[in-house]
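Visitor: Before I ask anything, here is the structure I am working with.
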Amino acid sequence: MDKTTRKRIDIKSLTLPQLEEEMVSRGEKAFRARQMYEWMHKKLARSFEEMTNLSKALREDCGTWYTYTALQAVKVQESKLDGTRKFLFQLSDSNLVESVWMKYRHGNSVCISSQVGCRMGCSFCASSLGGLERNLTPAEMLDQVYAITLLTGERVSNVVVMGTGEPLDNYDNLLTFIRMLTDENGLHISQRNVTVSTCGLVPQMKKLAREDLQITLALSLHATTDEKRRELMPIANRYTIEELMDACGYYFEQTGRRITLEYSLVAGVNDSERDAERLCRLARPLRCHINLIPANPVKERDFVQPEGSRIKAFQNVLEKNRINGSIRREMGRDIDGACGQLRRRHM
Ligand code: SAH
């Protein structure tokens, strides 16, 4: 394609080898690509203007050749309870995404969104109320981490893809994002500190197992029988729990990484001791870690969180069975904690 007519490329979504190829095709030296990559992904520049070791002419040309994404924070809420911050960001097409920053003893963690909206339709989740708007690009996922690093002035050590969207429904962009996030020429976050949470897209889980990554895969299970799971999650009509556990086994086998099972406790729906027993039976063969999440109330949805004593009883069953489990500390309870709620309120 003629250089003057080709579509403007989203430069921040290019990997270093792609950027090198791109620069060379523009008649630039390959080392320019390295310099630019470092500006974008290490120094977290918000525009070409900031790239002061490039000539002014090149910076201006870049502005005409490429698009350069940068998020605008339109709202920041900080929890008075634990310092958790929730960010509502505007994308260049004015869509909104939310991300969360959590401070733990072992480092700062960022929870990012992978799509604008979601099409999975889980019955307790606020993210899918408006359906899927579009996928996020690799740059837009990276930008959430970069913007939060700049706004807090602190290094991010853990990234969890557990915000709005189904990450494995945006597979290729997710993979590019993970490779760039963990690239030594960028923020160089350890793969072991990256977690991807899925509602259970079996073929993509298996594909992910073969990518030679050391990330953690979390499966949103939420039920211990197919019948119950179908009530909560439409995706359960497509894949059975047996197929899911097979895919988890395959992931463990290929990567050596233990799976986390996420289990949102909904009062009277999936919180009985029999559920807990079945959950232990599912978790045991793969030595999964279990994350219990007391369901966060969502205004538009009709369900409640189990009482403390019931959550405790559920946990006791796990303990008795010596299954490794923890209750997700409820961070930022006072600031629209549950997925997708801040964005919905703003819309
Ligand atoms: N699509 C991915 C990421 C979604 S959000 C997935 O399904 O895993 C991360 C976790 O929060 C998922 O386990 C999701 O099921 C859960 N979740 C969503 N809404 C919730 C709510 N209101 N209360 C408790 N957990 C919720």
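The chains in the structure tokens are called A, B, ... from first to last as shown; in each chain the residues are counted from 1, and the ligands are counted from 1 in the order shown.
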Would you mind listing what lies within 10 Å of Ala313 of chain A as number ranges by chain, with only C-alpha atoms counted and same-chain residues fewer than 6 positions away left out?

Guide: A: 271-273, 276, 319

Visitor: Could you list, as a ChimeraX atom specification, all residues that come within 7 Å of ligand 1? Count only C-alpha atoms and all ligand atoms.

Guide: /A:124-126,161-167,197-199,218-220,262-264,293-298,338-339

Visitor: Atom CA of Cys122 of chain A to atom CA of Leu71 of chain A: how many Å, to one decimal?

Guide: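 Here the two named atoms are 27.8 Å from each other.
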
Visitor: May I have the residues within 9 Å of Glu307 of chain A as a ChimeraX atom specification, using only C-alpha atoms and disregarding those fewer than 4 positions away in the same chain?

Guide: /A:267,311-312

Visitor: Keeping only N, CA and C atoms, write the selected residues as a short mmCIF file (atom, residue, chain, number, x, y, z; two decimals), in the first residue's frame.

Guide:
```cif
data_model
loop_
_atom_site.label_atom_id
_atom_site.label_comp_id
_atom_site.auth_asym_id
_atom_site.auth_seq_id
_atom_site.Cartn_x
_atom_site.Cartn_y
_atom_site.Cartn_z
N ALA A 267 -26.51 -15.76 48.21
CA ALA A 267 -27.35 -16.33 49.27
C ALA A 267 -28.46 -17.21 48.70
N ILE A 311 -21.11 -17.83 55.18
CA ILE A 311 -19.83 -17.77 54.47
C ILE A 311 -18.78 -18.55 55.27
N LYS A 312 -18.82 -18.34 56.59
CA LYS A 312 -17.89 -19.02 57.49
C LYS A 312 -18.08 -20.54 57.40
#
```

Visitor: Find, counting only C-alpha atoms, the residue in A:Ser113, A:Gln144, A:Thr255, A:Thr64 that gets nearest to Gln191 of chain A.

Guide: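 Using only C-alpha atoms, the shortest distance to Gln191 of chain A belongs to A:Thr255.
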
Visitor: Could you check which of A:Thr260, A:Gln204, A:Gln254, A:Asn237 is closest to Thr216 of chain A, using only C-alpha atoms?

Guide: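 Answer, going by the shortest atom-to-atom distance: A:Thr260.
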
Visitor: So that I can check the surroundings of Asn321 of chain A, please list as a PyMOL selection string every protein, DNA and RNA residue that reaches within 9 Å of it, counting only C-alpha atoms and ignoring chain neighbours fewer than 6 positions away.

Guide: chain A and resi 277+280+284

Visitor: What would the file look like if the residues just selected were written as a compact mmCIF listing (two decimals), in the first residue's frame with all heavy atoms?

Guide:
```txt
# COMPACT_ATOMS: atom_id res chain seq x y z
N GLU A 277 -18.89 -29.01 49.60
CA GLU A 277 -18.31 -30.36 49.45
C GLU A 277 -18.00 -30.66 47.98
O GLU A 277 -16.94 -31.18 47.64
CB GLU A 277 -19.31 -31.43 49.95
CG GLU A 277 -19.70 -31.33 51.41
CD GLU A 277 -18.66 -31.91 52.36
OE1 GLU A 277 -17.62 -32.39 51.87
OE2 GLU A 277 -18.89 -31.86 53.59
N CYS A 280 -14.99 -28.84 46.76
CA CYS A 280 -13.74 -29.50 47.19
C CYS A 280 -13.40 -30.64 46.24
O CYS A 280 -12.24 -30.83 45.87
CB CYS A 280 -13.88 -30.04 48.61
SG CYS A 280 -13.99 -28.73 49.84
N ARG A 284 -9.82 -30.62 44.26
CA ARG A 284 -8.76 -31.47 44.78
C ARG A 284 -7.79 -32.04 43.73
O ARG A 284 -6.57 -31.88 43.88
CB ARG A 284 -9.34 -32.60 45.64
CG ARG A 284 -8.26 -33.51 46.21
CD ARG A 284 -8.73 -34.42 47.30
NE ARG A 284 -9.22 -33.71 48.46
CZ ARG A 284 -10.46 -33.72 48.89
NH1 ARG A 284 -11.39 -34.39 48.23
NH2 ARG A 284 -10.80 -33.04 49.96
```

Visitor: Got a sec: who's within 7 Å of segment 154-156 of chain A, counting only C-alpha atoms, leaving out chain neighbours fewer than 2 positions off, as a compact mmCIF listing (two decimals) with C-alpha atoms, in the first residue's frame?

Guide:
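Written output follows (selection.txt):
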```
# COMPACT_ATOMS: atom_id res chain seq x y z
CA ASN A 108 0.34 -2.68 44.09
CA SER A 109 -2.19 -4.49 42.01
CA VAL A 110 -4.21 -3.16 39.09
CA THR A 149 1.28 4.24 37.32
CA THR A 152 -0.36 7.20 41.64
CA ASN A 158 0.49 -7.25 39.78
```

Visitor: So, counting only C-alpha atoms, which residue among A:Glu38, A:Gln315, A:Cys62, A:Met180 is closest to Arg26 of chain A?

Guide: A:Cys62

Visitor: Please provide the set of residues having any atom within 12 Å of Leu175 of chain A, restricted to only C-alpha atoms, with same-chain residues fewer than 3 positions apart removed, written as a ChimeraX atom specification.

Guide: /A:13,15,114,137-139,141-142,161,167-172,178-182,191,194,196,204,207-213,215

Visitor: Do you know which residues are at most 10 Å from Asn270 of chain A counting only C-alpha atoms, after dropping those on the same chain fewer than 4 positions away, and could you put them as a list in words?

Guide: His222, Ala223, Thr224, Thr225, Lys228, Arg229, Leu232, Tyr263, Ser264, Leu265, Val266, Arg274, Asp275, Ala276 and Pro306 of chain A

Visitor: Would you mind reading off the distance between atom CA of Tyr146 of chain A and atom CA of Gln77 of chain A, one decimal, in Å?

Guide: 17.8 Å

Visitor: Between A:Leu44, A:Val100, A:Arg257, A:Pro17, which residue has the minimum interatomic distance to Arg192 of chain A, considering only C-alpha atoms?

Guide: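 Between A:Leu44, A:Val100, A:Arg257, A:Pro17, the residue approaching Arg192 of chain A most closely is A:Arg257.
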
Visitor: When you draw a straight line from atom CA of Leu16 of chain A to atom CA of Ile112 of chain A, how long is it in Å?

Guide: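 Taking atom CA of Leu16 of chain A and atom CA of Ile112 of chain A, their separation equals 22.7 Å.
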
Visitor: Would you list, as a list in words, the residues of segment 143-215 of chain A that end up in strand (DSSP E or B) under DSSP run on this structure's backbone?

Guide: Asn158, Val159, Val160, Val161, Val194, Thr195, Val196, Ser197 and Thr198 of chain A

Visitor: Let me make sure I understand: among A:Cys111, A:Ile9, A:Val304, A:Leu54, which one has the smallest atom-to-atom distance to Lys29 of chain A if we use only C-alpha atoms?

Guide: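 Ranking A:Cys111, A:Ile9, A:Val304, A:Leu54 by distance to Lys29 of chain A, first place goes to A:Leu54.
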
Visitor: When DSSP is applied to the backbone of this structure, which of segment 96-237 of chain A are assigned alpha helix (DSSP H)? Write them out as a VMD selection string.

Guide: chain A and resid 138 to 152 171 to 181 202 to 209 226 to 232
